$ cat run19.json   # JSON, C-alpha atoms
[["chain", "number", "residue", "atom", "x", "y", "z"],
["A", 1, "MET", "CA", 190.59, -3.41, -29.67],
["A", 2, "GLY", "CA", 192.95, -3.37, -32.63],
["A", 3, "LYS", "CA", 193.50, -1.50, -35.87],
["A", 4, "VAL", "CA", 190.66, 0.67, -37.19],
["A", 5, "MET", "CA", 190.44, 1.34, -40.91],
["A", 6, "ILE", "CA", 189.34, 4.84, -41.86],
["A", 7, "LEU", "CA", 188.09, 5.20, -45.43],
["A", 8, "ALA", "CA", 189.17, 8.76, -46.12],
["A", 9, "GLY", "CA", 189.13, 11.36, -48.87],
["A", 10, "THR", "CA", 187.06, 14.13, -47.26],
["A", 11, "GLY", "CA", 187.64, 17.06, -44.93],
["A", 12, "LEU", "CA", 185.79, 15.20, -42.19],
["A", 13, "ALA", "CA", 188.17, 12.25, -42.58],
["A", 14, "ARG", "CA", 191.17, 14.56, -42.19],
["A", 15, "ARG", "CA", 189.73, 15.97, -38.98],
["A", 16, "VAL", "CA", 189.08, 12.51, -37.55],
["A", 17, "CYS", "CA", 192.56, 11.27, -38.45],
["A", 18, "ALA", "CA", 194.17, 14.28, -36.79],
["A", 19, "ALA", "CA", 192.16, 13.61, -33.62],
["A", 20, "VAL", "CA", 193.08, 9.90, -33.41],
["A", 21, "ALA", "CA", 196.72, 10.08, -34.47],
["A", 22, "ASP", "CA", 197.66, 8.42, -31.15],
["A", 23, "CYS", "CA", 195.53, 5.36, -31.96],
["A", 24, "ASP", "CA", 196.23, 2.28, -34.08],
["A", 25, "VAL", "CA", 194.51, 3.29, -37.31],
["A", 26, "LEU", "CA", 195.07, 2.88, -41.03],
["A", 27, "ALA", "CA", 193.62, 5.45, -43.39],
["A", 28, "SER", "CA", 192.79, 4.42, -46.93],
["A", 29, "MET", "CA", 192.50, 6.80, -49.88],
["A", 30, "ALA", "CA", 191.48, 5.97, -53.44],
["A", 31, "GLY", "CA", 194.38, 7.96, -54.90],
["A", 32, "VAL", "CA", 192.36, 9.99, -57.38],
["A", 33, "THR", "CA", 194.49, 13.10, -56.76],
["A", 34, "GLU", "CA", 198.18, 13.44, -57.58],
["A", 35, "VAL", "CA", 199.15, 14.86, -54.18],
["A", 36, "PRO", "CA", 196.83, 13.57, -51.44],
["A", 37, "CYS", "CA", 196.63, 15.50, -48.19],
["A", 38, "ASP", "CA", 198.77, 14.34, -45.29],
["A", 39, "LEU", "CA", 196.39, 12.63, -42.88],
["A", 40, "GLU", "CA", 198.92, 12.44, -39.99],
["A", 41, "VAL", "CA", 198.34, 8.67, -39.65],
["A", 42, "PRO", "CA", 199.59, 5.62, -41.59],
["A", 43, "THR", "CA", 197.91, 5.75, -45.00],
["A", 44, "ARG", "CA", 197.46, 3.37, -47.93],
["A", 45, "ILE", "CA", 196.79, 4.77, -51.41],
["A", 46, "GLY", "CA", 194.81, 3.05, -54.15],
["A", 47, "GLY", "CA", 191.94, 0.64, -54.59],
["A", 48, "PHE", "CA", 191.60, -2.73, -52.90],
["A", 49, "GLY", "CA", 191.35, -4.79, -56.08],
["A", 50, "GLY", "CA", 187.67, -5.66, -55.83],
["A", 51, "GLU", "CA", 185.71, -7.51, -53.17],
["A", 52, "SER", "CA", 188.32, -10.19, -52.52],
["A", 53, "GLY", "CA", 190.96, -7.53, -51.99],
["A", 54, "PHE", "CA", 188.77, -5.61, -49.56],
["A", 55, "ARG", "CA", 187.97, -8.76, -47.60],
["A", 56, "ALA", "CA", 191.69, -9.49, -47.34],
["A", 57, "ALA", "CA", 192.37, -5.92, -46.20],
["A", 58, "LEU", "CA", 189.88, -6.38, -43.35],
["A", 59, "GLU", "CA", 191.92, -9.17, -41.78],
["A", 60, "GLY", "CA", 193.06, -7.90, -38.39],
["A", 61, "VAL", "CA", 190.83, -4.83, -38.63],
["A", 62, "SER", "CA", 188.67, -4.23, -35.57],
["A", 63, "ALA", "CA", 186.27, -1.67, -37.11],
["A", 64, "VAL", "CA", 185.72, 0.52, -40.18],
["A", 65, "LEU", "CA", 184.90, 4.22, -40.17],
["A", 66, "ASP", "CA", 183.61, 5.19, -43.60],
["A", 67, "ALA", "CA", 184.29, 8.90, -44.11],
["A", 68, "THR", "CA", 184.19, 8.86, -47.90],
["A", 69, "HIS", "CA", 182.23, 11.31, -50.04],
["A", 70, "PRO", "CA", 178.42, 10.88, -49.87],
["A", 71, "PHE", "CA", 178.44, 10.17, -53.62],
["A", 72, "ALA", "CA", 180.99, 7.34, -53.38],
["A", 73, "ALA", "CA", 177.97, 5.06, -53.47],
["A", 74, "ARG", "CA", 179.53, 1.88, -54.83],
["A", 75, "VAL", "CA", 182.38, 1.94, -52.32],
["A", 76, "THR", "CA", 180.01, 2.54, -49.42],
["A", 77, "GLU", "CA", 177.51, -0.12, -50.47],
["A", 78, "ARG", "CA", 180.28, -2.71, -50.77],
["A", 79, "THR", "CA", 181.79, -1.70, -47.45],
["A", 80, "VAL", "CA", 178.46, -1.90, -45.60],
["A", 81, "ARG", "CA", 177.68, -5.32, -47.05],
["A", 82, "ILE", "CA", 181.06, -6.93, -46.46],
["A", 83, "CYS", "CA", 181.48, -5.52, -42.95],
["A", 84, "ARG", "CA", 178.08, -6.95, -42.09],
["A", 85, "GLU", "CA", 179.00, -10.35, -43.58],
["A", 86, "VAL", "CA", 182.31, -10.66, -41.74],
["A", 87, "GLY", "CA", 181.12, -9.07, -38.48],
["A", 88, "VAL", "CA", 183.31, -5.97, -38.49],
["A", 89, "PRO", "CA", 181.72, -2.94, -36.74],
["A", 90, "TYR", "CA", 180.93, -0.17, -39.22],
["A", 91, "LEU", "CA", 180.05, 3.52, -38.91],
["A", 92, "ARG", "CA", 179.61, 6.07, -41.69],
["A", 93, "LEU", "CA", 180.44, 9.73, -41.07],
["A", 94, "GLN", "CA", 178.93, 12.28, -43.46],
["A", 95, "GLN", "CA", 177.88, 15.87, -43.54],
["A", 96, "PRO", "CA", 174.09, 16.25, -43.37],
["A", 97, "PRO", "CA", 172.67, 17.14, -46.79],
["A", 98, "TRP", "CA", 171.72, 20.72, -47.50],
["A", 99, "PRO", "CA", 167.97, 21.27, -47.09],
["A", 100, "ASN", "CA", 166.30, 21.60, -50.47],
["A", 101, "ASP", "CA", 165.82, 25.18, -51.57],
["A", 102, "PRO", "CA", 162.60, 25.80, -53.55],
["A", 103, "THR", "CA", 164.60, 27.75, -56.13],
["A", 104, "TRP", "CA", 166.87, 24.79, -56.93],
["A", 105, "HIS", "CA", 166.39, 22.44, -59.86],
["A", 106, "VAL", "CA", 166.87, 19.02, -58.22],
["A", 107, "HIS", "CA", 167.91, 16.02, -60.33],
["A", 108, "ALA", "CA", 168.58, 12.35, -59.65],
["A", 109, "THR", "CA", 171.63, 12.22, -61.96],
["A", 110, "THR", "CA", 174.13, 14.50, -63.66],
["A", 111, "ALA", "CA", 172.71, 13.40, -67.01],
["A", 112, "ALA", "CA", 169.29, 14.70, -65.98],
["A", 113, "ALA", "CA", 170.85, 17.99, -64.93],
["A", 114, "ALA", "CA", 172.62, 18.30, -68.29],
["A", 115, "ASP", "CA", 169.34, 17.68, -70.12],
["A", 116, "ALA", "CA", 167.67, 20.51, -68.19],
["A", 117, "ILE", "CA", 170.22, 23.23, -68.98],
["A", 118, "PRO", "CA", 169.52, 25.32, -72.10],
["A", 119, "THR", "CA", 171.93, 25.65, -75.02],
["A", 120, "GLY", "CA", 174.25, 28.62, -74.65],
["A", 121, "ALA", "CA", 174.25, 28.56, -70.84],
["A", 122, "ARG", "CA", 177.47, 29.37, -69.02],
["A", 123, "VAL", "CA", 177.81, 26.45, -66.63],
["A", 124, "PHE", "CA", 180.10, 25.97, -63.64],
["A", 125, "LEU", "CA", 180.44, 22.31, -62.68],
["A", 126, "SER", "CA", 181.45, 21.84, -59.05],
["A", 127, "THR", "CA", 180.73, 18.12, -59.38],
["A", 128, "GLY", "CA", 184.22, 17.13, -60.51],
["A", 129, "PRO", "CA", 185.65, 15.88, -63.82],
["A", 130, "GLY", "CA", 184.00, 12.46, -63.39],
["A", 131, "SER", "CA", 180.61, 14.02, -64.12],
["A", 132, "LEU", "CA", 181.70, 16.07, -67.13],
["A", 133, "VAL", "CA", 180.70, 13.84, -70.07],
["A", 134, "PRO", "CA", 176.90, 14.42, -70.04],
["A", 135, "PHE", "CA", 177.49, 18.18, -70.43],
["A", 136, "LEU", "CA", 179.78, 17.98, -73.45],
["A", 137, "GLN", "CA", 178.63, 18.68, -77.03],
["A", 138, "ARG", "CA", 175.44, 20.41, -75.85],
["A", 139, "GLY", "CA", 176.33, 23.93, -76.88],
["A", 140, "LEU", "CA", 177.27, 24.93, -73.31],
["A", 141, "HIS", "CA", 180.12, 27.10, -72.06],
["A", 142, "LEU", "CA", 181.68, 24.87, -69.42],
["A", 143, "TRP", "CA", 184.00, 25.43, -66.48],
["A", 144, "CYS", "CA", 184.80, 22.41, -64.32],
["A", 145, "ARG", "CA", 186.53, 22.47, -60.95],
["A", 146, "ARG", "CA", 189.20, 19.89, -60.18],
["A", 147, "ILE", "CA", 192.05, 19.50, -57.70],
["A", 148, "ASP", "CA", 194.88, 18.55, -60.09],
["A", 149, "HIS", "CA", 196.09, 20.19, -63.28],
["A", 150, "ALA", "CA", 195.10, 18.29, -66.41],
["A", 151, "PRO", "CA", 195.70, 18.42, -70.18],
["A", 152, "THR", "CA", 193.53, 20.77, -72.20],
["A", 153, "ARG", "CA", 190.19, 19.27, -73.17],
["A", 154, "ASP", "CA", 187.95, 20.57, -75.93],
["A", 155, "GLY", "CA", 184.75, 22.17, -74.70],
["A", 156, "VAL", "CA", 185.76, 22.76, -71.08],
["A", 157, "THR", "CA", 187.99, 25.08, -69.05],
["A", 158, "TRP", "CA", 189.49, 23.59, -65.89],
["A", 159, "ILE", "CA", 189.32, 25.58, -62.68],
["A", 160, "VAL", "CA", 192.03, 24.16, -60.43],
["A", 161, "GLY", "CA", 191.70, 24.56, -56.68],
["A", 162, "ARG", "CA", 191.46, 22.76, -53.40],
["A", 163, "PRO", "CA", 188.86, 23.56, -50.71],
["A", 164, "PRO", "CA", 187.99, 25.36, -48.54],
["A", 165, "PHE", "CA", 186.51, 28.10, -50.75],
["A", 166, "THR", "CA", 185.08, 31.39, -49.49],
["A", 167, "GLU", "CA", 181.79, 32.99, -50.45],
["A", 168, "ASP", "CA", 183.57, 36.17, -51.55],
["A", 169, "GLY", "CA", 185.98, 34.16, -53.67],
["A", 170, "GLU", "CA", 183.23, 32.12, -55.29],
["A", 171, "ARG", "CA", 181.12, 35.22, -55.99],
["A", 172, "ALA", "CA", 184.06, 36.97, -57.63],
["A", 173, "LEU", "CA", 184.92, 33.89, -59.71],
["A", 174, "PHE", "CA", 181.36, 33.34, -60.94],
["A", 175, "ALA", "CA", 180.97, 37.02, -61.80],
["A", 176, "LEU", "CA", 184.31, 37.11, -63.66],
["A", 177, "LEU", "CA", 183.34, 34.08, -65.76],
["A", 178, "GLY", "CA", 179.80, 35.28, -66.36],
["A", 179, "VAL", "CA", 178.37, 32.01, -65.01],
["A", 180, "THR", "CA", 174.61, 31.57, -65.41],
["A", 181, "HIS", "CA", 174.15, 28.02, -64.06],
["A", 182, "LEU", "CA", 175.82, 26.19, -61.14],
["A", 183, "VAL", "CA", 175.77, 22.38, -60.96],
["A", 184, "SER", "CA", 176.46, 20.83, -57.55],
["A", 185, "LYS", "CA", 176.10, 17.54, -55.72],
["A", 186, "ASN", "CA", 174.26, 17.66, -52.41],
["A", 187, "ALA", "CA", 177.33, 16.83, -50.35],
["A", 188, "GLY", "CA", 176.46, 19.10, -47.43],
["A", 189, "GLY", "CA", 179.02, 21.05, -45.45],
["A", 190, "ALA", "CA", 180.32, 24.47, -46.44],
["A", 191, "ARG", "CA", 177.93, 26.28, -48.77],
["A", 192, "ALA", "CA", 180.03, 29.17, -50.05],
["A", 193, "LYS", "CA", 179.26, 28.39, -53.71],
["A", 194, "LEU", "CA", 175.52, 28.15, -53.01],
["A", 195, "ASP", "CA", 175.42, 31.45, -51.15],
["A", 196, "ALA", "CA", 177.44, 33.09, -53.93],
["A", 197, "ALA", "CA", 175.09, 31.65, -56.57],
["A", 198, "ARG", "CA", 172.08, 32.97, -54.64],
["A", 199, "ASP", "CA", 173.59, 36.44, -54.39],
["A", 200, "LEU", "CA", 174.25, 36.51, -58.13],
["A", 201, "GLY", "CA", 170.88, 35.03, -59.09],
["A", 202, "LEU", "CA", 172.35, 31.95, -60.76],
["A", 203, "ALA", "CA", 170.24, 28.92, -61.61],
["A", 204, "VAL", "CA", 171.32, 26.08, -59.28],
["A", 205, "HIS", "CA", 171.04, 22.49, -60.50],
["A", 206, "MET", "CA", 171.44, 20.15, -57.52],
["A", 207, "ILE", "CA", 172.16, 16.42, -57.80],
["A", 208, "ALA", "CA", 170.31, 14.54, -55.06],
["A", 209, "ARG", "CA", 172.18, 12.06, -52.89],
["A", 210, "PRO", "CA", 172.16, 8.38, -53.82],
["A", 211, "LYS", "CA", 169.78, 6.08, -51.97],
["A", 212, "ASP", "CA", 170.62, 5.13, -48.40],
["A", 213, "PRO", "CA", 173.19, 2.29, -48.60],
["A", 214, "GLY", "CA", 172.30, 0.96, -45.16],
["A", 215, "GLY", "CA", 174.64, 0.66, -42.23],
["A", 216, "GLU", "CA", 174.85, 2.99, -39.26],
["A", 217, "GLU", "CA", 175.41, 6.65, -40.05],
["A", 218, "THR", "CA", 176.26, 9.74, -38.04],
["A", 219, "HIS", "CA", 176.71, 13.44, -38.75],
["A", 220, "ASP", "CA", 178.49, 13.92, -35.41],
["A", 221, "ILE", "CA", 182.28, 14.02, -35.76],
["A", 222, "ASP", "CA", 182.75, 13.60, -32.01],
["A", 223, "ARG", "CA", 180.78, 10.35, -32.15],
["A", 224, "ALA", "CA", 182.96, 9.16, -35.03],
["A", 225, "ILE", "CA", 186.14, 9.95, -33.09],
["A", 226, "ALA", "CA", 184.77, 8.09, -30.06],
["A", 227, "PHE", "CA", 183.94, 5.10, -32.31],
["A", 228, "VAL", "CA", 187.52, 4.95, -33.56],
["A", 229, "ARG", "CA", 188.96, 5.28, -30.06],
["A", 230, "HIS", "CA", 186.61, 2.61, -28.69],
["A", 231, "HIS", "CA", 187.70, 0.03, -31.27],
["A", 232, "SER", "CA", 191.40, 0.88, -31.60],
["A", 233, "ALA", "CA", 194.49, 0.22, -29.54],
["A", 234, "ASP", "CA", 196.75, 3.01, -28.33],
["A", 235, "ARG", "CA", 199.92, 3.18, -30.44],
["A", 236, "ASP", "CA", 202.11, 3.17, -27.38],
["A", 237, "ARG", "CA", 200.63, -0.19, -26.27],
["A", 238, "ARG", "CA", 201.16, -2.03, -29.56]]
$ encode --input "run19.json" --output "structure tokens"
Amino acid sequence: MGKVMILAGTGLARRVCAAVADCDVLASMAGVTEVPCDLEVPTRIGGFGGESGFRAALEGVSAVLDATHPFAARVTERTVRICREVGVPYLRLQQPPWPNDPTWHVHATTAAAADAIPTGARVFLSTGPGSLVPFLQRGLHLWCRRIDHAPTRDGVTWIVGRPPFTEDGERALFALLGVTHLVSKNAGGARAKLDAARDLGLAVHMIARPKDPGGEETHDIDRAIAFVRHHSADRDRR
């Protein structure tokens, strides 16, 4: 028993951190947003500085709970591999993916999704600003959701907001903007935007999850909380 590292950045991670605030844990966030959420536990912000930095950060760590986004593939693959090499217990917590809908257009990459959308379409990107480039200069009307405000960028209108989002709110937003196509990553969890898109008859372009990175995975938040408690020391006993 010792300090458990929780790789955070998702709603699931926030829920786990709140449940284990009495344990010896360290949450880690990449720092991609200007004002990260308060996780109620000690938190480090920023990258590790590559593999050597992550190995150094694991010194004294008794286990790692990976609760990053399902599309943070490079981070997860590195974490799985290094934890296995150094013998640190690892568990990944993710939402189960949404079952494929026969009406969806499913793509392996955002570039493939961009190729499939016709010129003149009114496209709402819920995939974040990191996936914007393939959609630019294609004759599309683009709205892209992000958490932080950002400078104006030619060819795109930012929609600033932080989840959770409601189905009624998403439906009203899509209707107001005249959206014809929704682009989403299959992250699982709340499906307000998908239900709103269905109600409005929008074309949904879904990005499939990356390949399985290995390592043990669970969709059960109670199991993840138990994993953290099993491997961590109580704060009062430190």
$ closest_atom_pairs --input "run19.json" --of "region 65-126 of chain A" --to "region 208-224 of chain A" --cutoff "9 Å" --atoms "only C-alpha atoms" --output "Markdown table"
| residue | atom | partner | partner_atom | distance |
| --- | --- | --- | --- | --- |
| A:Leu65 | CA | A:Ala224 | CA | 7.4 |
| A:Pro70 | CA | A:Arg209 | CA | 7.0 |
| A:Phe71 | CA | A:Pro210 | CA | 6.5 |
| A:Ala72 | CA | A:Pro210 | CA | 8.9 |
| A:Ala73 | CA | A:Pro210 | CA | 6.7 |
| A:Arg74 | CA | A:Pro213 | CA | 8.9 |
| A:Thr76 | CA | A:Pro213 | CA | 6.9 |
| A:Glu77 | CA | A:Pro213 | CA | 5.3 |
| A:Arg78 | CA | A:Pro213 | CA | 8.9 |
| A:Val80 | CA | A:Gly215 | CA | 5.7 |
| A:Arg81 | CA | A:Gly215 | CA | 8.3 |
| A:Arg84 | CA | A:Gly215 | CA | 8.4 |
| A:Tyr90 | CA | A:Glu216 | CA | 6.9 |
| A:Leu91 | CA | A:Glu216 | CA | 5.2 |
| A:Arg92 | CA | A:Glu217 | CA | 4.5 |
| A:Leu93 | CA | A:Thr218 | CA | 5.2 |
| A:Gln94 | CA | A:His219 | CA | 5.3 |
| A:Gln95 | CA | A:His219 | CA | 5.5 |
| A:Pro96 | CA | A:His219 | CA | 6.0 |
| A:Pro97 | CA | A:Arg209 | CA | 8.0 |
| A:Val106 | CA | A:Ala208 | CA | 6.5 |
| A:His107 | CA | A:Ala208 | CA | 6.0 |
| A:Ala108 | CA | A:Ala208 | CA | 5.4 |
| A:Thr109 | CA | A:Ala208 | CA | 7.4 |
$ closest_atom_pairs --input "run19.json" --of "region 42-105 of chain A" --to "region 191-195 of chain A" --cutoff "12 Å" --atoms "all atoms listed in the file" --output "JSON lines"
{"residue": "A:Gln95", "atom": "CA", "partner": "A:Arg191", "partner_atom": "CA", "distance": 11.7}
{"residue": "A:Pro97", "atom": "CA", "partner": "A:Arg191", "partner_atom": "CA", "distance": 10.7}
{"residue": "A:Trp98", "atom": "CA", "partner": "A:Arg191", "partner_atom": "CA", "distance": 8.4}
{"residue": "A:Pro99", "atom": "CA", "partner": "A:Arg191", "partner_atom": "CA", "distance": 11.3}
{"residue": "A:Asn100", "atom": "CA", "partner": "A:Leu194", "partner_atom": "CA", "distance": 11.6}
{"residue": "A:Asp101", "atom": "CA", "partner": "A:Leu194", "partner_atom": "CA", "distance": 10.2}
{"residue": "A:Thr103", "atom": "CA", "partner": "A:Leu194", "partner_atom": "CA", "distance": 11.4}
{"residue": "A:Trp104", "atom": "CA", "partner": "A:Leu194", "partner_atom": "CA", "distance": 10.1}
$ closest_residue --input "run19.json" --among "A:Leu12, A:Val61, A:Ala175, A:Ala190" --to "Ser232 (chain A)" --atoms "only C-alpha atoms"
A:Val61
$ atom_distance --input "run19.json" --atom1 "CA of Arg171 (chain A)" --atom2 "CA of Ser126 (chain A)"
13.7 Å
$ atom_distance --input "run19.json" --atom1 "CA of Ala187 (chain A)" --atom2 "CA of Gly46 (chain A)"
22.6 Å
$ atom_distance --input "run19.json" --atom1 "CA of His105 (chain A)" --atom2 "CA of Ile207 (chain A)"
8.6 Å
$ closest_residue --input "run19.json" --among "A:Ala196, A:Ala233, A:Thr180, A:Gly120" --to "Glu167 (chain A)" --atoms "only C-alpha atoms"
A:Ala196
$ residues_around --input "run19.json" --residues "Pro163 (chain A)" --least-positions-apart "3" --cutoff "9 Å" --atoms "all atoms listed in the file" --output "list in words"
Gly11, Ile147 and Thr166 of chain A
$ residues_near_point --input "run19.json" --point "(191.7, 1.7, -35.0)" --cutoff "10 Å" --atoms "all atoms listed in the file" --output "ChimeraX atom specification"
/A:1-6,20-27,61-65,227-235
$ axis_aligned_box --input "run19.json" --around "region 141-153 of chain A" --padding-each-side "4 Å" --output "JSON"
{"center_x": 188.1, "center_y": 22.7, "center_z": -65.4, "size_x": 24.0, "size_y": 16.8, "size_z": 23.5}
$ build_atoms --input "run19.json" --residues "region 164-184 of chain A" --atoms "N, CA, C and O atoms" --output "mmCIF file, in the coordinates of the input"
data_model
loop_
_atom_site.group_PDB
_atom_site.id
_atom_site.type_symbol
_atom_site.label_atom_id
_atom_site.label_comp_id
_atom_site.auth_asym_id
_atom_site.auth_seq_id
_atom_site.Cartn_x
_atom_site.Cartn_y
_atom_site.Cartn_z
ATOM 1 N N PRO A 164 189.285 24.662 -48.562
ATOM 2 C CA PRO A 164 187.990 25.360 -48.540
ATOM 3 C C PRO A 164 187.964 26.576 -49.459
ATOM 4 O O PRO A 164 188.987 27.189 -49.743
ATOM 5 N N PHE A 165 186.739 26.927 -49.925
ATOM 6 C CA PHE A 165 186.510 28.100 -50.750
ATOM 7 C C PHE A 165 185.657 29.086 -49.943
ATOM 8 O O PHE A 165 184.837 28.680 -49.131
ATOM 9 N N THR A 166 185.836 30.368 -50.214
ATOM 10 C CA THR A 166 185.080 31.390 -49.490
ATOM 11 C C THR A 166 183.939 31.904 -50.360
ATOM 12 O O THR A 166 183.995 31.850 -51.593
ATOM 13 N N GLU A 167 182.915 32.435 -49.704
ATOM 14 C CA GLU A 167 181.790 32.990 -50.450
ATOM 15 C C GLU A 167 182.237 34.162 -51.313
ATOM 16 O O GLU A 167 181.833 34.276 -52.478
ATOM 17 N N ASP A 168 183.083 35.026 -50.763
ATOM 18 C CA ASP A 168 183.570 36.170 -51.550
ATOM 19 C C ASP A 168 184.352 35.697 -52.767
ATOM 20 O O ASP A 168 184.202 36.244 -53.865
ATOM 21 N N GLY A 169 185.176 34.685 -52.569
ATOM 22 C CA GLY A 169 185.980 34.160 -53.670
ATOM 23 C C GLY A 169 185.122 33.531 -54.751
ATOM 24 O O GLY A 169 185.359 33.730 -55.953
ATOM 25 N N GLU A 170 184.116 32.762 -54.334
ATOM 26 C CA GLU A 170 183.230 32.120 -55.290
ATOM 27 C C GLU A 170 182.407 33.164 -56.056
ATOM 28 O O GLU A 170 182.224 33.065 -57.275
ATOM 29 N N ARG A 171 181.916 34.175 -55.346
ATOM 30 C CA ARG A 171 181.120 35.220 -55.990
ATOM 31 C C ARG A 171 181.956 35.950 -57.049
ATOM 32 O O ARG A 171 181.488 36.201 -58.168
ATOM 33 N N ALA A 172 183.185 36.270 -56.686
ATOM 34 C CA ALA A 172 184.060 36.970 -57.630
ATOM 35 C C ALA A 172 184.371 36.099 -58.840
ATOM 36 O O ALA A 172 184.397 36.584 -59.980
ATOM 37 N N LEU A 173 184.607 34.807 -58.609
ATOM 38 C CA LEU A 173 184.920 33.890 -59.710
ATOM 39 C C LEU A 173 183.734 33.749 -60.662
ATOM 40 O O LEU A 173 183.880 33.863 -61.886
ATOM 41 N N PHE A 174 182.546 33.501 -60.101
ATOM 42 C CA PHE A 174 181.360 33.340 -60.940
ATOM 43 C C PHE A 174 181.062 34.597 -61.749
ATOM 44 O O PHE A 174 180.686 34.532 -62.928
ATOM 45 N N ALA A 175 181.235 35.758 -61.112
ATOM 46 C CA ALA A 175 180.970 37.020 -61.800
ATOM 47 C C ALA A 175 181.987 37.246 -62.923
ATOM 48 O O ALA A 175 181.635 37.687 -64.030
ATOM 49 N N LEU A 176 183.254 36.938 -62.656
ATOM 50 C CA LEU A 176 184.310 37.110 -63.660
ATOM 51 C C LEU A 176 184.042 36.244 -64.883
ATOM 52 O O LEU A 176 184.229 36.684 -66.023
ATOM 53 N N LEU A 177 183.590 35.014 -64.655
ATOM 54 C CA LEU A 177 183.340 34.080 -65.760
ATOM 55 C C LEU A 177 181.998 34.305 -66.431
ATOM 56 O O LEU A 177 181.743 33.750 -67.507
ATOM 57 N N GLY A 178 181.130 35.077 -65.806
ATOM 58 C CA GLY A 178 179.800 35.280 -66.360
ATOM 59 C C GLY A 178 178.936 34.035 -66.271
ATOM 60 O O GLY A 178 178.108 33.765 -67.156
ATOM 61 N N VAL A 179 179.105 33.258 -65.195
ATOM 62 C CA VAL A 179 178.370 32.010 -65.010
ATOM 63 C C VAL A 179 176.866 32.301 -64.892
ATOM 64 O O VAL A 179 176.459 33.262 -64.225
ATOM 65 N N THR A 180 176.066 31.452 -65.527
ATOM 66 C CA THR A 180 174.610 31.570 -65.410
ATOM 67 C C THR A 180 173.987 30.389 -64.673
ATOM 68 O O THR A 180 172.888 30.513 -64.133
ATOM 69 N N HIS A 181 174.683 29.229 -64.679
ATOM 70 C CA HIS A 181 174.150 28.020 -64.060
ATOM 71 C C HIS A 181 175.247 27.338 -63.228
ATOM 72 O O HIS A 181 176.380 27.189 -63.699
ATOM 73 N N LEU A 182 174.911 26.942 -62.005
ATOM 74 C CA LEU A 182 175.820 26.190 -61.140
ATOM 75 C C LEU A 182 175.271 24.777 -60.977
ATOM 76 O O LEU A 182 174.095 24.594 -60.668
ATOM 77 N N VAL A 183 176.142 23.782 -61.178
ATOM 78 C CA VAL A 183 175.770 22.380 -60.960
ATOM 79 C C VAL A 183 176.549 21.869 -59.762
ATOM 80 O O VAL A 183 177.776 21.987 -59.708
ATOM 81 N N SER A 184 175.837 21.294 -58.790
ATOM 82 C CA SER A 184 176.460 20.830 -57.550
ATOM 83 C C SER A 184 175.846 19.501 -57.121
ATOM 84 O O SER A 184 174.692 19.212 -57.441
#
